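Asks: Next comes the structure file final-v9.txt, holding compact mmCIF, C-alpha atoms.
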# COMPACT_ATOMS: atom_id res chain seq x y z
CA MET A 1 27.74 -1.45 -1.89
CA LYS A 2 25.62 -4.55 -1.22
CA ILE A 3 21.91 -4.68 -0.42
CA LEU A 4 19.93 -7.79 0.48
CA PHE A 5 16.42 -7.88 -0.99
CA ILE A 6 14.01 -10.36 0.61
CA GLY A 7 11.42 -11.72 -1.84
CA SER A 8 11.62 -11.71 -5.64
CA ARG A 9 8.04 -10.97 -6.71
CA LEU A 10 8.52 -7.18 -6.57
CA PHE A 11 12.23 -7.18 -7.35
CA ASP A 12 11.69 -6.11 -10.97
CA ASP A 13 10.42 -2.79 -9.57
CA VAL A 14 13.89 -1.98 -8.21
CA ALA A 15 16.30 -4.09 -10.29
CA TYR A 16 17.02 -1.45 -12.93
CA HIS A 17 17.61 1.32 -10.39
CA ALA A 18 19.82 -0.91 -8.21
CA ASN A 19 21.99 -1.70 -11.22
CA GLU A 20 22.12 1.94 -12.37
CA VAL A 21 23.45 3.17 -9.00
CA GLY A 22 26.01 0.35 -8.78
CA ILE A 23 24.38 -1.83 -6.14
CA GLU A 24 25.42 -5.47 -5.79
CA SER A 25 21.97 -6.98 -5.26
CA ILE A 26 21.67 -10.12 -3.15
CA LEU A 27 18.23 -11.74 -3.33
CA THR A 28 16.68 -14.39 -1.09
CA GLU A 29 13.57 -16.30 -2.10
CA SER A 30 11.87 -19.47 -0.85
CA ASN A 31 10.41 -20.50 -4.24
CA GLU A 32 12.96 -21.69 -6.78
CA ASN A 33 10.45 -21.02 -9.58
CA ALA A 34 9.75 -17.44 -8.49
CA PRO A 35 10.07 -14.64 -11.07
CA HIS A 36 12.93 -12.15 -11.44
CA LEU A 37 15.66 -14.25 -9.80
CA ASP A 38 17.93 -13.67 -12.78
CA LEU A 39 17.74 -9.88 -12.31
CA ALA A 40 19.82 -10.00 -9.12
CA THR A 41 23.62 -10.08 -8.93
CA LYS A 42 23.29 -13.20 -6.81
CA TYR A 43 20.36 -15.09 -5.35
CA TYR A 44 19.81 -17.71 -2.66
CA ILE A 45 16.91 -20.17 -2.43
CA VAL A 46 16.19 -20.45 1.28
CA PRO A 47 13.55 -22.05 3.54
CA ARG A 48 10.52 -19.96 4.48
CA GLY A 49 11.06 -17.63 7.39
CA PHE A 50 13.74 -15.06 8.09
CA ASP A 51 16.54 -16.93 9.84
CA GLU A 52 18.21 -17.79 6.53
CA PRO A 53 17.88 -14.31 4.98
CA MET A 54 19.44 -12.96 8.17
CA ARG A 55 22.29 -15.47 7.90
CA VAL A 56 22.86 -14.54 4.24
CA ALA A 57 22.92 -10.85 5.12
CA ILE A 58 25.58 -11.43 7.77
CA GLU A 59 27.72 -13.73 5.60
CA GLU A 60 27.50 -11.42 2.58
CA ASP A 61 28.30 -8.44 4.79
CA VAL A 62 25.54 -6.36 3.22
CA ASP A 63 25.13 -2.65 3.86
CA GLY A 64 21.37 -2.85 4.28
CA ILE A 65 18.26 -4.99 3.87
CA ILE A 66 15.08 -4.17 1.94
CA PRO A 67 12.16 -6.59 2.46
CA LEU A 68 9.96 -6.74 -0.65
CA ILE A 69 7.07 -8.53 1.04
CA GLY A 70 3.67 -7.73 -0.45
CA ILE A 71 1.41 -9.75 1.86
CA ASP A 72 0.55 -9.22 5.52
CA PRO A 73 1.12 -12.55 7.40
CA PRO A 74 4.96 -12.52 7.36
CA LEU A 75 5.33 -8.83 8.25
CA ILE A 76 5.55 -9.23 12.02
CA ASP A 77 8.40 -11.73 11.59
CA VAL A 78 10.16 -9.27 9.27
CA ALA A 79 9.86 -6.61 11.96
CA ARG A 80 11.32 -8.97 14.59
CA MET A 81 14.22 -9.78 12.26
CA LYS A 82 14.79 -6.05 11.77
CA GLU A 83 15.08 -5.39 15.47
CA LYS A 84 17.40 -8.38 16.02
CA ILE A 85 19.85 -7.80 13.16
CA GLU A 86 20.02 -4.05 13.72
CA ALA A 87 20.76 -4.55 17.42
CA GLU A 88 23.25 -7.40 17.02
CA HIS A 89 24.94 -6.63 13.69
CA ASP A 90 24.19 -2.96 12.96
CA ILE A 91 22.73 -3.78 9.53
CA PRO A 92 19.88 -1.35 8.75
CA VAL A 93 16.59 -2.88 7.63
CA VAL A 94 14.34 -0.43 5.77
CA PHE A 95 11.13 -1.60 7.38
CA SER A 96 8.84 -0.68 10.26
CA ASN A 97 9.26 -1.76 13.87
CA VAL A 98 7.37 -4.50 15.71
CA ASN A 99 4.99 -2.07 17.43
CA ALA A 100 4.00 -0.38 14.16
CA VAL A 101 3.46 -3.69 12.37
CA SER A 102 1.46 -5.21 15.23
CA ILE A 103 -0.89 -2.20 15.21
CA ALA A 104 -1.21 -2.07 11.43
CA SER A 105 -1.90 -5.80 11.09
CA ASP A 106 -4.83 -5.71 13.53
CA LYS A 107 -7.80 -3.60 12.40
CA ILE A 108 -9.05 -3.23 15.96
CA LYS A 109 -5.68 -2.00 17.24
CA THR A 110 -5.44 0.30 14.23
CA LYS A 111 -8.78 1.90 15.00
CA GLU A 112 -7.82 2.45 18.64
CA PHE A 113 -4.50 3.98 17.56
CA PHE A 114 -6.25 6.39 15.17
CA LYS A 115 -8.59 7.48 17.94
CA SER A 116 -5.69 7.94 20.37
CA ILE A 117 -4.06 10.52 18.07
CA GLY A 118 -7.30 12.40 17.49
CA LEU A 119 -8.29 11.18 14.02
CA ASP A 120 -11.85 10.62 12.85
CA VAL A 121 -12.87 6.98 12.34
CA PRO A 122 -16.19 5.38 11.36
CA ASN A 123 -18.50 4.35 14.20
CA ALA A 124 -17.66 0.76 15.05
CA LYS A 125 -18.32 -2.03 17.51
CA ILE A 126 -17.11 -5.59 18.02
CA LEU A 127 -19.99 -8.06 18.27
CA ASN A 128 -20.05 -11.77 19.04
CA LYS A 129 -22.53 -14.17 17.50
CA SER A 130 -24.16 -14.58 20.91
CA ASP A 131 -24.80 -10.84 21.35
CA PHE A 132 -28.06 -10.78 19.34
CA ASN A 133 -30.90 -13.04 18.17
CA ASP A 134 -32.68 -11.03 15.49
CA GLU A 135 -32.44 -7.86 13.42
CA ASP A 136 -33.92 -5.59 16.09
CA GLY A 137 -31.53 -7.01 18.67
CA PHE A 138 -28.62 -6.61 16.27
CA ILE A 139 -29.35 -2.93 15.53
CA SER A 140 -30.03 -2.19 19.18
CA THR A 141 -26.76 -3.80 20.31
CA LEU A 142 -24.77 -2.27 17.45
CA GLY A 143 -25.94 1.29 18.10
CA PHE A 144 -26.07 2.44 14.46
CA ASN A 145 -27.98 1.37 11.38
CA PHE A 146 -27.35 -0.11 7.94
CA PRO A 147 -25.42 0.06 5.68
CA ILE A 148 -22.48 -1.47 7.52
CA VAL A 149 -19.11 -3.11 6.93
CA LEU A 150 -18.27 -6.40 8.65
CA LYS A 151 -14.62 -7.41 8.87
CA GLN A 152 -12.15 -9.51 10.81
CA GLY A 153 -9.24 -8.13 12.78
CA GLU A 154 -6.71 -9.44 10.26
CA GLY A 155 -6.73 -9.71 6.47
CA GLN A 156 -5.94 -7.74 3.34
CA GLY A 157 -7.25 -7.16 -0.16
CA GLY A 158 -10.89 -7.28 0.90
CA LYS A 159 -10.56 -10.73 2.49
CA ASP A 160 -13.38 -11.56 4.94
CA ILE A 161 -15.07 -8.20 4.41
CA CYS A 162 -18.80 -7.85 3.81
CA ILE A 163 -20.51 -4.56 2.91
CA THR A 164 -24.26 -4.81 3.30
CA ASP A 165 -27.54 -3.00 3.89
CA ASN A 166 -29.56 -6.05 4.99
CA TYR A 167 -29.69 -8.39 7.95
CA ALA A 168 -29.63 -11.59 5.88
CA ASP A 169 -25.99 -10.90 5.01
CA VAL A 170 -25.22 -10.41 8.69
CA GLU A 171 -26.67 -13.83 9.51
CA GLU A 172 -24.65 -15.42 6.74
CA TYR A 173 -21.46 -13.67 7.87
CA PHE A 174 -21.89 -14.84 11.46
CA SER A 175 -22.48 -18.39 10.25
CA ASN A 176 -18.79 -18.33 9.29
CA PHE A 177 -17.34 -16.21 12.11
CA GLU A 178 -17.88 -16.10 15.86
CA SER A 179 -17.28 -12.36 16.05
CA ALA A 180 -16.74 -9.33 13.82
CA LEU A 181 -15.63 -5.74 13.82
CA ILE A 182 -18.64 -3.87 12.44
CA GLU A 183 -18.23 -0.37 11.05
CA GLU A 184 -20.62 2.26 9.83
CA PHE A 185 -20.47 2.41 6.02
CA ILE A 186 -19.07 5.77 4.93
CA GLU A 187 -20.24 7.03 1.56
CA GLY A 188 -17.40 8.89 -0.08
CA CYS A 189 -14.05 8.77 -1.88
CA GLU A 190 -11.41 6.14 -1.16
CA VAL A 191 -7.93 7.62 -0.80
CA SER A 192 -4.45 6.18 -0.30
CA ILE A 193 -1.24 7.99 0.50
CA GLU A 194 2.28 6.62 0.89
CA VAL A 195 4.81 7.96 3.35
CA ILE A 196 8.60 7.66 3.13
CA CYS A 197 10.18 7.39 6.59
CA TRP A 198 13.83 7.39 7.68
CA ASN A 199 15.74 8.50 10.77
CA ASN A 200 12.63 9.99 12.38
CA THR A 201 11.86 12.09 9.32
CA TYR A 202 8.57 11.54 7.49
CA VAL A 203 7.64 12.67 3.98
CA PRO A 204 4.09 11.99 2.77
CA LEU A 205 3.92 11.62 -1.00
CA VAL A 206 0.64 12.31 -2.81
CA PRO A 207 -2.98 11.45 -1.95
CA VAL A 208 -4.41 9.28 -4.75
CA TYR A 209 -8.08 8.66 -5.50
CA LYS A 210 -9.16 5.01 -5.77
CA GLY A 211 -12.85 5.49 -6.58
CA ASP A 212 -15.98 5.90 -4.50
CA THR A 213 -17.13 3.52 -1.80
CA ASN A 214 -19.98 1.27 -2.89
CA LEU A 215 -22.30 -1.36 -1.48
CA GLU A 216 -21.25 -3.81 -4.20
CA GLY A 217 -17.80 -4.07 -2.63
CA ILE A 218 -15.96 -3.43 -5.90
CA HIS A 219 -12.25 -3.57 -5.09
CA PRO A 220 -10.27 -0.39 -5.89
CA ILE A 221 -7.99 -2.40 -8.18
CA ALA A 222 -10.93 -2.81 -10.59
CA ARG A 223 -11.48 0.96 -10.94
CA LEU A 224 -9.86 3.94 -12.60
CA ARG A 225 -7.49 5.54 -10.12
CA THR A 226 -6.03 9.03 -10.30
CA GLY A 227 -3.63 11.32 -8.53
CA PRO A 228 -3.57 13.77 -6.96
CA CYS A 229 -7.06 13.87 -5.41
CA GLU A 230 -9.35 16.53 -6.88
CA PHE A 231 -12.30 16.72 -4.49
CA ASP A 232 -13.11 19.63 -2.18
CA TYR A 233 -10.62 18.80 0.54
CA ASP A 234 -7.08 20.13 0.70
CA ASN A 235 -4.47 17.53 -0.29
CA GLU A 236 -2.08 19.13 2.19
CA ASP A 237 -4.49 18.35 5.02
CA ILE A 238 -4.50 14.70 3.93
CA ARG A 239 -0.68 14.72 3.82
CA ASN A 240 -0.66 16.13 7.36
CA ILE A 241 -2.93 13.32 8.55
CA ALA A 242 -0.54 10.79 6.99
CA LYS A 243 2.46 12.41 8.64
CA LYS A 244 0.71 12.38 12.01
CA ILE A 245 0.11 8.64 11.67
CA ALA A 246 3.73 7.99 10.61
CA ILE A 247 5.09 9.93 13.58
CA GLY A 248 2.75 8.13 15.97
CA LEU A 249 3.84 4.70 14.73
CA LYS A 250 7.51 5.65 14.21
CA CYS A 251 7.43 3.83 10.87
CA GLU A 252 10.44 3.26 8.63
CA GLY A 253 10.73 2.67 4.90
CA THR A 254 7.50 2.98 2.96
CA PHE A 255 3.96 2.42 4.13
CA ASP A 256 0.53 3.53 3.02
CA ILE A 257 -2.62 4.74 4.68
CA ASP A 258 -6.20 4.15 3.51
CA LEU A 259 -8.71 6.93 4.13
CA ILE A 260 -12.26 7.82 3.11
CA TYR A 261 -13.30 11.40 2.39
CA SER A 262 -16.99 12.05 3.06
CA PRO A 263 -18.29 14.99 0.98
CA THR A 264 -21.44 15.00 3.10
CA HIS A 265 -19.50 15.74 6.28
CA ASN A 266 -16.44 17.30 4.60
CA LYS A 267 -14.39 15.00 6.78
CA VAL A 268 -11.61 12.44 6.28
CA TYR A 269 -11.95 9.12 8.10
CA ALA A 270 -8.86 7.02 8.82
CA ILE A 271 -9.38 3.36 7.87
CA GLU A 272 -6.20 1.27 7.65
CA VAL A 273 -2.39 1.32 7.61
CA ASN A 274 -0.25 -1.08 5.55
CA THR A 275 3.42 -1.48 6.49
CA ARG A 276 4.45 -2.95 3.13
CA PRO A 277 4.88 -1.82 -0.48
CA SER A 278 1.71 -0.11 -1.62
CA GLY A 279 -0.58 -1.12 -4.45
CA THR A 280 -0.67 2.56 -5.44
CA ARG A 281 3.12 2.92 -5.72
CA TYR A 282 3.01 3.44 -9.50
CA LEU A 283 0.58 6.33 -9.03
CA SER A 284 2.83 7.83 -6.35
CA TYR A 285 5.78 7.52 -8.74
CA ALA A 286 3.81 9.01 -11.66
CA CYS A 287 2.75 12.05 -9.63
CA THR A 288 5.96 12.83 -7.76
CA GLY A 289 8.75 11.57 -10.04
CA PHE A 290 10.04 9.32 -7.25
CA SER A 291 9.54 5.57 -7.07
CA PRO A 292 8.81 4.69 -3.42
CA LEU A 293 10.75 1.41 -3.70
CA ASN A 294 13.73 3.02 -5.45
CA LEU A 295 13.82 5.56 -2.63
CA LEU A 296 14.43 2.72 -0.17
CA ILE A 297 17.67 1.94 -2.00
CA ASP A 298 18.65 5.60 -2.01
CA LEU A 299 18.06 5.88 1.73
CA ILE A 300 20.60 3.11 2.35
CA THR A 301 23.17 4.46 -0.11
CA GLY A 302 22.76 8.02 1.09
CA ASP A 303 21.72 9.20 -2.40
CA CYS A 304 18.44 10.45 -0.94
CA ASP A 305 18.61 13.15 1.69
CA ILE A 306 15.15 12.70 3.15
CA ASN A 307 15.29 16.18 4.64
CA LYS A 308 15.40 17.58 1.09
CA LEU A 309 12.96 15.14 -0.50
CA GLU A 310 9.88 17.30 0.09
CA SER A 311 11.27 20.15 -2.02
CA LYS A 312 12.09 17.79 -4.91
CA LEU A 313 8.68 16.17 -5.30
CA GLN A 314 7.17 16.85 -8.72
CA HIS A 315 3.51 17.74 -9.21
CA LYS A 316 2.28 15.73 -12.16
CA TYR A 317 -1.08 14.15 -12.96
CA ALA A 318 -1.50 10.36 -12.99
CA LEU A 319 -4.15 7.99 -14.30
CA GLU A 320 -4.26 4.24 -13.69
CA ILE A 321 -6.49 2.03 -15.84
CA PRO A 322 -7.41 -1.65 -15.40
CA VAL A 323 -6.99 -3.34 -18.79
CA GLY A 324 -6.92 -7.08 -18.04
CA ASP A 325 -4.46 -7.97 -20.79
CA TYR A 326 -2.63 -5.01 -22.28
CA GLU A 327 -2.60 -5.03 -26.10
CA GLY A 328 -1.37 -1.50 -26.88
CA PRO A 329 2.03 -0.20 -28.01
CA LYS A 330 4.99 -2.09 -26.58
CA PRO A 331 6.38 -0.33 -23.47
CA GLN A 332 9.96 0.90 -23.72
CA GLU A 333 12.77 -0.34 -21.50
CA PRO A 334 13.15 -0.08 -18.57
CA LEU A 335 9.63 -1.42 -18.12
CA LYS A 336 9.08 -0.27 -14.53
CA GLU A 337 10.49 3.26 -14.89
CA TYR A 338 9.19 6.51 -16.38
CA ILE A 339 12.65 7.26 -17.77
CA ASN A 340 11.97 6.70 -21.48
CA SER A 341 8.17 6.78 -21.57
CA ASN A 342 5.15 8.22 -19.83
CA TYR A 343 3.46 4.96 -18.82
CA ILE A 344 4.13 1.68 -17.02
CA VAL A 345 2.25 -1.60 -17.57
CA HIS A 346 2.16 -3.75 -14.46
CA GLY A 347 0.35 -6.64 -12.82
CA PRO A 348 -0.12 -10.30 -13.78
CA LYS A 349 -1.74 -11.38 -17.04
CA GLY A 350 -5.48 -10.97 -16.89
CA TYR A 351 -5.18 -8.27 -14.22
CA GLN A 352 -2.84 -5.79 -15.84
CA ARG A 353 -3.03 -2.04 -15.32
CA ILE A 354 -1.52 0.95 -17.09
CA THR A 355 -0.31 3.88 -15.02
CA ILE A 356 0.25 7.09 -17.00
CA SER A 357 2.22 10.16 -15.96
CA ALA A 358 1.82 13.58 -17.62
CA ASN A 359 1.99 17.29 -16.89
CA SER A 360 -1.77 17.84 -17.04
CA LYS A 361 -5.03 15.98 -16.72
CA GLU A 362 -5.88 16.58 -20.38
CA GLU A 363 -2.52 15.22 -21.54
CA THR A 364 -2.90 12.14 -19.35
CA TYR A 365 -6.29 11.23 -20.81
CA LYS A 366 -5.00 11.86 -24.34
CA ILE A 367 -2.20 9.35 -23.76
CA ALA A 368 -4.72 6.89 -22.31
CA LYS A 369 -6.76 7.03 -25.51
CA GLU A 370 -3.64 6.52 -27.63
CA LEU A 371 -2.66 3.45 -25.62
CA THR A 372 -6.05 1.78 -25.30
CA GLY A 373 -8.21 3.28 -28.05
CA ASN A 374 -10.83 4.18 -25.45
CA ASP A 375 -12.18 7.52 -24.27
CA TYR A 376 -12.26 8.12 -20.52
CA ASN A 377 -14.29 10.81 -18.83
CA ILE A 378 -12.34 13.78 -17.55
Take the structure in this file and express it as structure tokens.

Replies:
Amino acid sequence: MKILFIGSRLFDDVAYHANEVGIESILTESNENAPHLDLATKYYIVPRGFDEPMRVAIEEDVDGIIPLIGIDPPLIDVARMKEKIEAEHDIPVVFSNVNAVSIASDKIKTKEFFKSIGLDVPNAKILNKSDFNDEDGFISTLGFNFPIVLKQGEGQGGKDICITDNYADVEEYFSNFESALIEEFIEGCEVSIEVICWNNTYVPLVPVYKGDTNLEGIHPIARLRTGPCEFDYDNEDIRNIAKKIAIGLKCEGTFDIDLIYSPTHNKVYAIEVNTRPSGTRYLSYACTGFSPLNLLIDLITGDCDINKLESKLQHKYALEIPVGDYEGPKPQEPLKEYINSNYIVHGPKGYQRITISANSKEETYKIAKELTGNDYNI
């Protein structure tokens, strides 16, 4: 069986599994110096865009396509390619449809979608620079008070986001942008959850905790992250929210949802949807025993019956630690699997993280100390 993978940066996450299940992996990449090219059975260096990957898929007569795109801008073109090649050549693309991607890539559309399916969202309003002249006018027009979050309709990884409790930051923000989506700042716990979707069946994985919201705007990637969530809100309720979103968008493949749990209101607020591989995928894998990206392969091959996936999910504890440059014991092969060890080191040099999988919280933190020499609070 042949599968075309688009993009090499994340290919090392799936290369071992693809080889183990006998997949002939065809890889397309626009950068001839990109990593992991040698891990594929065959690779093609192609121009940017998706016409050439589509041509390669047809010529190679692949059985399916898995886009491994980790950034937002190309995603709508991937979705268009999906709809075209599935309709004209009956080659399945494990990726979400154009409607889902267009909603997820626009924060304003996302918020309206969440509201349309009855989910709680932070108070928000779109303001133009011309809508106010001073702080009193700003607060009056906005309709709620500081602290607030200013953001643009598009962007990822904290790009063009400002969290503030003072008007001076608002003035500075609007010196760079003509308008902004402004949200009420919710004090609480940041949560992500991935969902596996195939043939109109949707399986939420595990809610993972990414740290508390803060006015300093510290990105979740710089914090300790754990799974499953342990605050006073039922994880199953969070999984049900995720499933409701997946059904509403009719997503396919893997996608993740960002939420905030407010202990003050005992309420979960829906924030964003990402129709691409998740930054919390190693935590999902550590908790459930299933790699979200490996599952995409298994969906194409038929090795994963998604209707039975729910009953096979494991219930382990996971801890993810930012280490910068990892200097602990050498990880065992395969590096991106929990097959021979209980931890995975991932990320580029200077920004590496360790994700640990164990049967209990106490065991997880014990392993963390053995790997890093540091104590972490339980």

Asks: For a test of reading the model, state the distance in Å between CA of Leu68 (chain A) and CA of Leu10 (chain A), rounded to one decimal.

Replies: 6.1 Å

Asks: Can you tell me, as number ranges by chain, what residues are no more than 7 Å from Pro277 (chain A) when counting only C-alpha atoms, ignoring any on the same chain fewer than 3 positions away?

Replies: A: 70, 254-255

Asks: Pick out the residues sitting within 12 Å of region 128-143 of chain A, and hand them over as a PyMOL selection string; count all atoms listed in the file, and ignore anything fewer than 5 positions along from it in its own chain.

Replies: chain A and resi 123+148-150+152+165-184

Asks: Would you list the contacts of Tyr282 (chain A) as a list of chain:residue names, taking every protein, DNA or RNA residue within 9 Å and counting all atoms listed in the file, but skipping same-chain residues closer than 4 positions in sequence?

Replies: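 Within the cut-off, the hits are A:Ser278, A:Ala286, A:Cys287, A:Ser291, A:Pro292, A:Ala318, A:Glu320, A:Lys336, A:Ile344, A:His346, A:Thr355, A:Ile356.
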
Asks: Generate the output file for the selected residues, C-alpha atoms, as a tab-separated table (two decimals), keeping the file's coordinate frame.

Replies:
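selection-v2.tsv, freshly written:
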chain	number	residue	atom	x	y	z
A	278	SER	CA	1.71	-0.11	-1.62
A	286	ALA	CA	3.81	9.01	-11.66
A	287	CYS	CA	2.75	12.05	-9.63
A	291	SER	CA	9.54	5.57	-7.07
A	292	PRO	CA	8.81	4.69	-3.42
A	318	ALA	CA	-1.50	10.36	-12.99
A	320	GLU	CA	-4.26	4.24	-13.69
A	336	LYS	CA	9.08	-0.27	-14.53
A	344	ILE	CA	4.13	1.68	-17.02
A	346	HIS	CA	2.16	-3.75	-14.46
A	355	THR	CA	-0.31	3.88	-15.02
A	356	ILE	CA	0.25	7.09	-17.00

Asks: Counting all atoms listed in the file, give me one row per residue of region 242-297 of chain A with an atom at most 7 Å from an atom of region 204-208 of chain A, showing the shortest contact pair and its distance in Å to one decimal, sorted by chain then residue number, as JSON lines.

Replies:
{"residue": "A:Ala242", "atom": "CA", "partner": "A:Pro204", "partner_atom": "CA", "distance": 6.4}
{"residue": "A:Lys243", "atom": "CA", "partner": "A:Pro204", "partner_atom": "CA", "distance": 6.1}
{"residue": "A:Ser284", "atom": "CA", "partner": "A:Val206", "partner_atom": "CA", "distance": 6.1}

Asks: Could you tell me how far CA of Glu272 (chain A) sits from CA of Ile306 (chain A), in Å to one decimal place?

Replies: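 If I compute the distance from CA of Ile306 (chain A) to CA of Glu272 (chain A), I get 24.6 Å.
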
Asks: Quick one: contact table of region 91-186 of chain A to region 211-215 of chain A, 8 Å max, nearest atom pair and distance in Å to one decimal per residue, counting only C-alpha atoms, chain and number order, as CSV?

Replies:
residue,atom,partner,partner_atom,distance
A:Pro147,CA,A:Leu215,CA,7.9
A:Ile163,CA,A:Leu215,CA,5.7
A:Thr164,CA,A:Leu215,CA,6.2
A:Asp165,CA,A:Leu215,CA,7.7
A:Ile186,CA,A:Thr213,CA,7.4

Asks: Would you mind listing what lies within 9 Å of Val98 (chain A) as number ranges by chain, with all atoms listed in the file counted and same-chain residues fewer than 3 positions away left out?

Replies: A: 75-80, 82-83, 101-103

Asks: Go through A:Ile196, A:Glu362, A:Cys229, A:Val203 and flag the residue nearest Leu295 (chain A), using all atoms listed in the file for the distances.

Replies: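 Going through A:Ile196, A:Glu362, A:Cys229, A:Val203 one by one, the smallest distance to Leu295 (chain A) is for A:Ile196.
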
Asks: Excluding Asp90 (chain A) and residues on its chain fewer than 6 positions from it, collect all residues at most 12 Å away from it, counting all atoms listed in the file, and give them as an MDAnalysis selection string.

Replies: chainID A and resid 57:58 61:65 82:84

Asks: Rounded to one decimal in Å, what is the spacing between CA of Thr28 (chain A) and CA of Tyr44 (chain A)?

Replies: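 Between CA of Thr28 (chain A) and CA of Tyr44 (chain A) the gap works out to 4.8 Å.
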
Asks: Would you give me, as a tab-separated table, each residue of region 27-137 of chain A having an atom within 12 Å of an atom of region 234-241 of chain A, along with its shortest atom pair and that distance in Å to one decimal, using all atoms listed in the file and sorting by chain and residue number?

Replies:
residue	atom	partner	partner_atom	distance
A:Phe114	CA	A:Ile241	CA	10.1
A:Ile117	CA	A:Ile241	CA	10.0
A:Gly118	CA	A:Ile241	CA	10.0
A:Leu119	CA	A:Ile241	CA	8.0
A:Asp120	CA	A:Ile241	CA	10.3

Asks: Given the choices A:Gly49, A:Gly7, A:Pro92, A:Pro322, which gets closest to Pro74 (chain A) if the distance is worked out from only C-alpha atoms?

Replies: A:Gly49

Asks: For each of A:Ser25, A:Asn340, A:Thr275, A:Ser311, take the minimum atom-to-atom distance to Ala104 (chain A), counting all atoms listed in the file, then give the residue where this is smallest.

Replies: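 Using all atoms listed in the file, Ala104 (chain A) sits closest to A:Thr275.
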
Asks: Select, from A:Leu224, A:Leu283, A:Val345, A:Ala246, the residue with the minimum atom-to-atom distance to Cys197 (chain A), counting all atoms listed in the file.

Replies: A:Ala246

Asks: I need the residue nearest Val121 (chain A) from this list: A:Leu309, A:Ala270, A:Val191, A:Ala18. Use all atoms listed in the file for the distance.

Replies: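 Ranked by minimum distance to Val121 (chain A), first place goes to A:Ala270.
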